[in-house]
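Colleague: Before I ask anything, here is the structure I am working with.
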There are 2 protein chains.
Amino acid sequence: MATTTFHGSGASLDAAAIRTAVANLLHEFLDQQSRDAPDLPELALFTALLRDFLGAGGKRIRPLLCLTGWHTITDHTPPPVVWRTAASLELFHAFALIHDDIIDNSDTRRGHPTAHRDLAAHHQDRPNADRIGVNAAILLGDLALGWSYELLHTDDITPAQLRTVWPLLNALRTETVVGQYLDLTATGQPTPDPETAWRIIRYKTAKYTIERPLHLGAALAGATAEQLAALSAYALPLGEAFQLRDDLLGVFGSPAQTGKSALDDLREGKHTVLYATALKHATVPQQRSLTHRFGHPSLTESDAQNIRAALIATGARTATEHLISQRLDQALHALGTATLRPPATQWLCELGHHLTSRTA
Amino acid sequence: MATTTFHGSGASLDAAAIRTAVANLLHEFLDQQSRDAPDLPELALFTALLRDFLGAGGKRIRPLLCLTGWHTITDHTPPPVVWRTAASLELFHAFALIHDDIIDNSDTRRGHPTAHRDLAAHHQDRPNADRIGVNAAILLGDLALGWSYELLHTDDITPAQLRTVWPLLNALRTETVVGQYLDLTATGQPTPDPETAWRIIRYKTAKYTIERPLHLGAALAGATAEQLAALSAYALPLGEAFQLRDDLLGVFGSPAQTGKSALDDLREGKHTVLYATALKHATVPQQRSLTHRFGHPSLTESDAQNIRAALIATGARTATEHLISQRLDQALHALGTATLRPPATQWLCELGHHLTSRTA
């Protein structure tokens, strides 16, 4: 997936303009990091990789939601700290994806080689290029994580703003990392119980991708506890629906559109609500199709087709589509009852539809 | 190595008391992280691993130097921010070692299994336990890195203090990570040119371990540019001598004392000043001994003995000992000419002798 087709409405929530402003802020910041370390020419490799990574599409959902969070509370122009927080989320996301791709052993991301594959290619003349690539990508992710916090330290930001932002960023990081741990330990352990899959979705996606970014913008605008709760009531079911869509795309999606392989999740043996539902309702032959080479690097396209057929025949695909609709309804209903500003809630409503019906 | 035998003198620089205070601060902080996330019981595994890791010895050089940096400038009692910065450095160091041990494929650290080995053991019933261990340790390191910054965010800390600390912490992180990258790309590429080995020492050790921790404490005490320069003139040669000693211990040290294998550096093919010097002066048969299985996981104790013999016979070991003495003299001389407070400089003098003559 190179770009999303979604465009927000309304001047204060122009999605394209927000994406451009965040990209510019990140590019300036990375250039500054290189300029600050003239005795470390190797740093240019890392900043260039991050610039490419951040430029290679991506939906920029978190920065958009951070700005939207601000606008759900106030019609004031967002101050620099909101933009910096939005950019910080995008750099944190680069870190999370770079380490995630190592953990998942993925070769492609956003239609390009993943960072560890890119860095392996950079050292292709070395006999252990693959290992060098992984190790260098661990370091690249570490830099991105550190810089995501460094971005917030400028004289523009007041102590009160930092006190607002930090606990939320700390919670977001802990939740995301533990969610990733839940995911990696559940991977390759197929079970018909969806409970763990739901917990992974909650921490690795719903809170990380939707709730915390909205909260960050809203809290900076002075949101009340009631307003933050209303945003959660929208964010958590939408985040669930978003991830359920992602799980469907990971298996049934078109690699040309998603930018990633439709075999990776099956080869890794990803534990999803979709897969757990299928296992639960499978006949013995369907169970055999579902588990044959699931979680094995040798899984072929033909194995994948058998698994896809079983995901359909067990009703798991339809059940997941139903869950997506139901969670989206729940999210939209929460918006209708909340004391949030209408232009932004209208935008959240559009975003909800977009995120859950996407094909990339 | 479980504990160091070094004890500072003078009540204000009681090394044992500093270590205890920093350990207590870190334990309280980690407990708080678990308490703040009651819905994430998995977090307890990570905080327990970090507590064990932080409790398993370690020299705590960086926290000691941060406090010493403060005392080189003022006789006031250090405020909480100095203690928090010291503890932050120790948590950052835990992150650096956890990721470093993955990159170096090390099995032991401080006489215990490394974090990724420990986490693999935790999942020993899984067929891919080793990979789960590495992946979970990447996440553990990520948490430690994030928390090292979170530690600094309390109401105790003023905006001016944060403005002092952040640029230094940012530089320290960039230097350390790039130093680690230089190290990993030089590893397995034996060359008689010591230039890269010196750059690795500068960024991965001298600035990270000695200069930046001293600067952090001193800057918080209001050090002048001249005082910071004087601390650098001590720190950089001492850091070089410290790493040269470490390189000697990595090959000639007693595993019972160092807590790590005396084969790891050779099996990894670490590019050190010691090894470059030997290659430069080696006869053809000595070159053969030096390069036989160097950088190969299959290197045996007998291969290692041949390499050690060649490191001695080429004069590289003696030359390295000479460099250590020379750098130590340079560091101590810098102390003698600086406008720093005598009780702390006396302590830095003792520390210099200790760090360069250690056996663990």
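Please note that chains go A, B, ... in the order of the structure tokens, that every chain numbers its residues from 1, and that ligands are numbered from 1 in the order shown.
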Hey, which bits of chain B sit within 8 Å of chain A, and for each residue what's the closest pair of atoms and how far apart in Å (one decimal), counting only C-alpha atoms, rows by chain and increasing number, as a Markdown table?
Modeller:
| residue | atom | partner | partner_atom | distance |
| --- | --- | --- | --- | --- |
| B:Leu40 | CA | A:Val178 | CA | 7.6 |
| B:Glu42 | CA | A:Val178 | CA | 7.1 |
| B:Leu43 | CA | A:Val178 | CA | 6.8 |
| B:His99 | CA | A:Ile138 | CA | 7.7 |
| B:Ile103 | CA | A:Asn135 | CA | 5.5 |
| B:Ile132 | CA | A:Thr185 | CA | 7.1 |
| B:Asn135 | CA | A:Ile103 | CA | 5.5 |
| B:Ala136 | CA | A:Tyr181 | CA | 6.4 |
| B:Ile138 | CA | A:His99 | CA | 7.7 |
| B:Leu139 | CA | A:Val177 | CA | 6.2 |
| B:Asp142 | CA | A:Asp142 | CA | 7.3 |
| B:Leu143 | CA | A:Thr174 | CA | 6.9 |
| B:Leu145 | CA | A:Gly146 | CA | 7.6 |
| B:Gly146 | CA | A:Arg173 | CA | 7.5 |
| B:Trp147 | CA | A:Asn170 | CA | 7.7 |
| B:Glu150 | CA | A:Asn170 | CA | 6.8 |
| B:His153 | CA | A:Trp166 | CA | 7.3 |
| B:Thr158 | CA | A:Pro159 | CA | 8.0 |
| B:Pro159 | CA | A:Pro159 | CA | 6.4 |
| B:Arg163 | CA | A:His153 | CA | 7.8 |
| B:Trp166 | CA | A:His153 | CA | 7.3 |
| B:Asn170 | CA | A:Glu150 | CA | 6.8 |
| B:Arg173 | CA | A:Gly146 | CA | 7.5 |
| B:Thr174 | CA | A:Leu143 | CA | 6.9 |
| B:Glu175 | CA | A:Leu40 | CA | 7.9 |
| B:Val177 | CA | A:Leu139 | CA | 6.2 |
| B:Val178 | CA | A:Leu43 | CA | 6.8 |
| B:Gln180 | CA | A:Leu139 | CA | 8.0 |
| B:Tyr181 | CA | A:Ala136 | CA | 6.4 |
| B:Leu184 | CA | A:Ile132 | CA | 7.2 |
| B:Thr185 | CA | A:Ile132 | CA | 7.1 |
Colleague: Dump N, CA and C atoms for the selected residues as a compact mmCIF listing (two decimals), in the first residue's frame?
Modeller:
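The resulting file, selection_14.txt, is shown below:
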# COMPACT_ATOMS: atom_id res chain seq x y z
N LEU B 40 -2.10 -5.61 32.68
CA LEU B 40 -1.04 -6.23 31.88
C LEU B 40 -0.14 -7.09 32.78
N GLU B 42 1.52 -9.59 32.21
CA GLU B 42 2.74 -10.02 31.54
C GLU B 42 3.91 -9.07 31.81
N LEU B 43 3.57 -7.83 32.16
CA LEU B 43 4.61 -6.85 32.42
C LEU B 43 5.51 -7.28 33.57
N HIS B 99 20.40 -5.42 24.07
CA HIS B 99 20.45 -5.46 22.61
C HIS B 99 21.85 -5.85 22.12
N ILE B 103 23.00 -8.85 19.54
CA ILE B 103 23.83 -8.58 18.36
C ILE B 103 25.09 -9.43 18.39
N ILE B 132 12.08 -17.07 19.94
CA ILE B 132 11.19 -16.34 20.86
C ILE B 132 12.03 -15.56 21.88
N ASN B 135 13.50 -12.45 20.22
CA ASN B 135 12.46 -11.46 19.94
C ASN B 135 11.93 -10.80 21.21
N ALA B 136 11.73 -11.61 22.24
CA ALA B 136 11.24 -11.04 23.51
C ALA B 136 12.31 -10.13 24.12
N ILE B 138 14.47 -8.32 22.43
CA ILE B 138 14.41 -7.04 21.70
C ILE B 138 13.37 -6.14 22.39
N LEU B 139 12.22 -6.73 22.72
CA LEU B 139 11.15 -5.95 23.37
C LEU B 139 11.55 -5.51 24.78
N ASP B 142 13.68 -2.58 24.44
CA ASP B 142 12.86 -1.42 24.06
C ASP B 142 12.20 -0.79 25.29
N LEU B 143 11.66 -1.66 26.16
CA LEU B 143 11.04 -1.15 27.39
C LEU B 143 12.07 -0.42 28.24
N LEU B 145 14.81 1.06 27.35
CA LEU B 145 15.17 2.33 26.73
C LEU B 145 14.08 3.38 27.00
N GLY B 146 12.84 3.02 26.75
CA GLY B 146 11.76 3.97 26.99
C GLY B 146 11.69 4.39 28.45
N TRP B 147 11.81 3.43 29.32
CA TRP B 147 11.73 3.74 30.76
C TRP B 147 12.89 4.60 31.23
N GLU B 150 11.51 7.87 30.79
CA GLU B 150 10.35 8.07 31.66
C GLU B 150 10.79 8.41 33.09
N HIS B 153 10.89 11.98 34.13
CA HIS B 153 9.71 12.85 34.12
C HIS B 153 8.96 12.80 35.43
N THR B 158 12.94 20.57 36.94
CA THR B 158 12.57 21.88 36.38
C THR B 158 12.81 21.89 34.87
N PRO B 159 12.12 22.80 34.16
CA PRO B 159 12.38 22.93 32.72
C PRO B 159 13.85 23.19 32.42
N ARG B 163 16.23 20.94 30.08
CA ARG B 163 16.95 21.50 28.94
C ARG B 163 18.44 21.21 29.01
N TRP B 166 18.55 16.87 28.41
CA TRP B 166 18.11 16.21 27.19
C TRP B 166 19.11 16.21 26.04
N ASN B 170 20.52 12.83 24.41
CA ASN B 170 20.31 12.57 23.00
C ASN B 170 21.64 12.26 22.30
N ARG B 173 22.91 8.82 23.31
CA ARG B 173 22.22 7.71 22.65
C ARG B 173 22.70 7.54 21.21
N THR B 174 22.77 8.66 20.49
CA THR B 174 23.21 8.59 19.10
C THR B 174 24.63 8.02 19.01
N GLU B 175 25.52 8.55 19.85
CA GLU B 175 26.91 8.09 19.82
C GLU B 175 27.01 6.61 20.13
N VAL B 177 24.70 4.22 19.88
CA VAL B 177 24.09 3.36 18.86
C VAL B 177 24.97 3.32 17.60
N VAL B 178 25.49 4.48 17.20
CA VAL B 178 26.36 4.48 16.01
C VAL B 178 27.66 3.73 16.33
N GLN B 180 27.95 1.24 18.26
CA GLN B 180 27.57 -0.17 18.19
C GLN B 180 27.48 -0.64 16.73
N TYR B 181 26.98 0.25 15.87
CA TYR B 181 26.90 -0.08 14.44
C TYR B 181 28.31 -0.22 13.86
N LEU B 184 29.60 -3.56 14.97
CA LEU B 184 29.05 -4.76 14.34
C LEU B 184 29.48 -4.89 12.88
N THR B 185 29.68 -3.75 12.20
CA THR B 185 30.11 -3.87 10.80
C THR B 185 31.61 -4.18 10.72
Colleague: Residues at most 8 Å from B:Leu220, counting only C-alpha atoms, excluding those fewer than 4 positions away in the same chain, as a PyMOL selection string?
Modeller: chain B and resi 70+82+161+164-165+216
Colleague: Between atom CA of B:Ala144 and atom CA of B:Leu50, what distance in Å does the model show, to one decimal?
Modeller: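 It comes out at 7.8 Å.
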Colleague: Please determine, counting only C-alpha atoms, which residue among B:Thr258, B:Ser325, B:Gln243, B:Gln227 has the shortest atom-to-atom distance to B:Thr337.
Modeller: B:Gln227
Colleague: Residues near A:Leu266, anyone? I mean within 9 Å using only C-alpha atoms, not counting same-chain ones fewer than 5 positions away, as a list in words.
Modeller: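 The residues satisfying every condition are Gly250, Val251, Arg293, Phe294, Gly295, His296, Pro297, Leu299, Ala304 and Ile307 of chain A.
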Colleague: Can you tell me which residues surround stretch 270-279 of chain A at a distance of at most 8 Å, considering only C-alpha atoms, apart from same-chain residues fewer than 4 positions away, and format the answer as a PDB file with N, CA and C atoms, in the first residue's frame?
Modeller:
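Result saved to part-v8.pdb:
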ATOM      1  N   ASP A 183       1.581 -11.095  21.172  1.00  0.00           N
ATOM      2  CA  ASP A 183       1.471 -11.534  19.786  1.00  0.00           C
ATOM      3  C   ASP A 183       2.549 -12.565  19.469  1.00  0.00           C
ATOM      4  N   ALA A 186       1.929 -15.880  21.201  1.00  0.00           N
ATOM      5  CA  ALA A 186       0.746 -16.598  20.712  1.00  0.00           C
ATOM      6  C   ALA A 186       0.964 -17.136  19.301  1.00  0.00           C
ATOM      7  N   THR A 187       1.890 -16.503  18.566  1.00  0.00           N
ATOM      8  CA  THR A 187       2.147 -16.919  17.190  1.00  0.00           C
ATOM      9  C   THR A 187       2.680 -18.352  17.167  1.00  0.00           C
ATOM     10  N   GLY A 188       2.109 -19.158  16.273  1.00  0.00           N
ATOM     11  CA  GLY A 188       2.546 -20.549  16.161  1.00  0.00           C
ATOM     12  C   GLY A 188       1.909 -21.473  17.179  1.00  0.00           C
ATOM     13  N   GLN A 189       0.979 -20.946  17.970  1.00  0.00           N
ATOM     14  CA  GLN A 189       0.253 -21.753  18.965  1.00  0.00           C
ATOM     15  C   GLN A 189      -1.240 -21.719  18.638  1.00  0.00           C
ATOM     16  N   PRO A 190      -1.668 -22.366  17.572  1.00  0.00           N
ATOM     17  CA  PRO A 190      -3.074 -22.234  17.184  1.00  0.00           C
ATOM     18  C   PRO A 190      -4.013 -22.741  18.277  1.00  0.00           C
ATOM     19  N   THR A 191      -5.047 -21.965  18.559  1.00  0.00           N
ATOM     20  CA  THR A 191      -6.029 -22.346  19.570  1.00  0.00           C
ATOM     21  C   THR A 191      -7.393 -21.810  19.155  1.00  0.00           C
ATOM     22  N   PRO A 192      -8.463 -22.551  19.421  1.00  0.00           N
ATOM     23  CA  PRO A 192      -9.800 -22.061  19.087  1.00  0.00           C
ATOM     24  C   PRO A 192     -10.304 -20.993  20.058  1.00  0.00           C
ATOM     25  N   ASP A 193      -9.517 -20.712  21.104  1.00  0.00           N
ATOM     26  CA  ASP A 193      -9.936 -19.695  22.077  1.00  0.00           C
ATOM     27  C   ASP A 193      -9.496 -18.309  21.587  1.00  0.00           C
ATOM     28  N   PRO A 194     -10.441 -17.397  21.307  1.00  0.00           N
ATOM     29  CA  PRO A 194     -10.056 -16.085  20.759  1.00  0.00           C
ATOM     30  C   PRO A 194      -9.592 -15.088  21.815  1.00  0.00           C
ATOM     31  N   ALA A 197      -6.256 -13.518  21.315  1.00  0.00           N
ATOM     32  CA  ALA A 197      -6.289 -12.690  20.098  1.00  0.00           C
ATOM     33  C   ALA A 197      -6.954 -11.342  20.386  1.00  0.00           C
ATOM     34  N   TRP A 198      -8.018 -11.364  21.185  1.00  0.00           N
ATOM     35  CA  TRP A 198      -8.666 -10.092  21.538  1.00  0.00           C
ATOM     36  C   TRP A 198      -7.756  -9.203  22.383  1.00  0.00           C
ATOM     37  N   LEU A 244      -9.315  -6.367  12.817  1.00  0.00           N
ATOM     38  CA  LEU A 244      -9.996  -7.513  12.188  1.00  0.00           C
ATOM     39  C   LEU A 244      -9.921  -7.374  10.664  1.00  0.00           C
ATOM     40  N   ASP A 247      -6.453  -8.299   9.654  1.00  0.00           N
ATOM     41  CA  ASP A 247      -6.257  -9.755   9.665  1.00  0.00           C
ATOM     42  C   ASP A 247      -6.835 -10.377   8.397  1.00  0.00           C
ATOM     43  N   LEU A 248      -8.005  -9.897   7.971  1.00  0.00           N
ATOM     44  CA  LEU A 248      -8.600 -10.405   6.726  1.00  0.00           C
ATOM     45  C   LEU A 248      -7.701 -10.063   5.538  1.00  0.00           C
ATOM     46  N   ASP A 265       1.546 -13.906   7.228  1.00  0.00           N
ATOM     47  CA  ASP A 265       0.801 -14.179   8.464  1.00  0.00           C
ATOM     48  C   ASP A 265       0.606 -15.681   8.654  1.00  0.00           C
ATOM     49  N   LEU A 266       0.354 -16.395   7.545  1.00  0.00           N
ATOM     50  CA  LEU A 266       0.137 -17.846   7.641  1.00  0.00           C
ATOM     51  C   LEU A 266       1.446 -18.568   7.919  1.00  0.00           C
ATOM     52  N   GLN A 287     -10.088 -28.800   9.894  1.00  0.00           N
ATOM     53  CA  GLN A 287      -8.986 -28.594  10.856  1.00  0.00           C
ATOM     54  C   GLN A 287      -7.657 -28.966  10.229  1.00  0.00           C
ATOM     55  N   LEU A 290      -6.592 -26.292   7.922  1.00  0.00           N
ATOM     56  CA  LEU A 290      -6.198 -25.080   8.641  1.00  0.00           C
ATOM     57  C   LEU A 290      -4.809 -25.209   9.265  1.00  0.00           C
ATOM     58  N   GLY A 295       2.141 -21.832  10.168  1.00  0.00           N
ATOM     59  CA  GLY A 295       3.271 -21.529  11.049  1.00  0.00           C
ATOM     60  C   GLY A 295       4.590 -22.086  10.558  1.00  0.00           C
ATOM     61  N   ALA A 310     -10.868 -22.984   3.915  1.00  0.00           N
ATOM     62  CA  ALA A 310     -11.411 -23.420   5.205  1.00  0.00           C
ATOM     63  C   ALA A 310     -11.884 -22.230   6.036  1.00  0.00           C
ATOM     64  N   LEU A 311     -11.173 -21.091   5.937  1.00  0.00           N
ATOM     65  CA  LEU A 311     -11.609 -19.887   6.660  1.00  0.00           C
ATOM     66  C   LEU A 311     -12.981 -19.452   6.151  1.00  0.00           C
ATOM     67  N   THR A 314     -15.785 -22.526   7.063  1.00  0.00           N
ATOM     68  CA  THR A 314     -16.182 -22.608   8.476  1.00  0.00           C
ATOM     69  C   THR A 314     -17.064 -21.432   8.875  1.00  0.00           C
ATOM     70  N   GLY A 315     -17.179 -20.462   8.003  1.00  0.00           N
ATOM     71  CA  GLY A 315     -17.954 -19.266   8.344  1.00  0.00           C
ATOM     72  C   GLY A 315     -17.133 -18.217   9.071  1.00  0.00           C
ATOM     73  N   ALA A 316     -15.831 -18.460   9.254  1.00  0.00           N
ATOM     74  CA  ALA A 316     -15.013 -17.530  10.040  1.00  0.00           C
ATOM     75  C   ALA A 316     -14.863 -16.185   9.331  1.00  0.00           C
ATOM     76  N   ARG A 317     -14.738 -16.229   7.994  1.00  0.00           N
ATOM     77  CA  ARG A 317     -14.584 -14.967   7.273  1.00  0.00           C
ATOM     78  C   ARG A 317     -15.843 -14.109   7.435  1.00  0.00           C
ATOM     79  N   THR A 320     -16.175 -12.725  10.878  1.00  0.00           N
ATOM     80  CA  THR A 320     -15.270 -11.607  11.115  1.00  0.00           C
ATOM     81  C   THR A 320     -15.818 -10.336  10.470  1.00  0.00           C
TER      82      THR A 320
END
Colleague: For A:Asp31, list every protein, DNA or RNA residue within 8 Å, evaluated using only C-alpha atoms, and leave out those in the same chain fewer than 4 positions away; present the list as a list in words.
Modeller: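 Everything that qualifies: His27, Arg35 and Thr47 of chain A.
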Colleague: Write the residues of the preceding selection, restricted to C-alpha atoms, as a short mmCIF file (atom, residue, chain, number, x, y, z; two decimals), in the first residue's frame.
Modeller:
data_model
loop_
_atom_site.label_atom_id
_atom_site.label_comp_id
_atom_site.auth_asym_id
_atom_site.auth_seq_id
_atom_site.Cartn_x
_atom_site.Cartn_y
_atom_site.Cartn_z
CA HIS A 27 12.45 15.55 7.76
CA ARG A 35 23.92 18.15 11.30
CA THR A 47 18.58 9.12 8.84
#
Colleague: Mind the document's chain letters and residue numbers, and return as a ChimeraX atom specification the residues of stretch 188-352 of chain A that DSSP labels alpha helix (DSSP H).
Modeller: /A:195-200,212-220,225-252,255-258,264-268,273-281,284-291,301-313,316-337,342-352
Colleague: Considering only C-alpha atoms, return as a list in words whatever protein or nucleic-acid residues lie within 8 Å of A:Phe252, sequence-local ones (same chain, fewer than 3 positions apart) excluded.
Modeller: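 What passes the distance filter is Leu248, Leu249, Ala262 and Arg308 of chain A.
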Colleague: For A:Ile210, work out the shell of residues within 9 Å, counting only C-alpha atoms and skipping chain neighbours fewer than 5 positions away, then give it as a short mmCIF file (atom, residue, chain, number, x, y, z; two decimals) with C-alpha atoms, in the first residue's frame.
Modeller:
data_model
loop_
_atom_site.label_atom_id
_atom_site.label_comp_id
_atom_site.auth_asym_id
_atom_site.auth_seq_id
_atom_site.Cartn_x
_atom_site.Cartn_y
_atom_site.Cartn_z
CA ILE A 61 -3.39 7.36 11.16
CA ARG A 62 -1.82 8.25 14.49
CA LEU A 65 -5.93 11.12 15.12
CA CYS A 66 -3.76 13.23 17.39
CA THR A 205 -3.79 -2.00 17.88
CA HIS A 215 -6.25 11.06 23.89
CA SER A 232 -12.27 5.62 24.31
CA TYR A 234 -15.26 5.28 20.00
CA ALA A 235 -11.62 4.26 19.76
CA LEU A 236 -11.57 0.79 21.26
CA LEU A 238 -13.02 0.97 16.03
CA GLY A 239 -9.50 -0.25 16.76
#
Colleague: From the options B:Ala44, B:Ala319, B:Leu91, B:Ala15, which residue's atoms come nearest to B:Glu350, counting only C-alpha atoms?
Modeller: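 The answer is B:Ala15, which sits nearest to B:Glu350.
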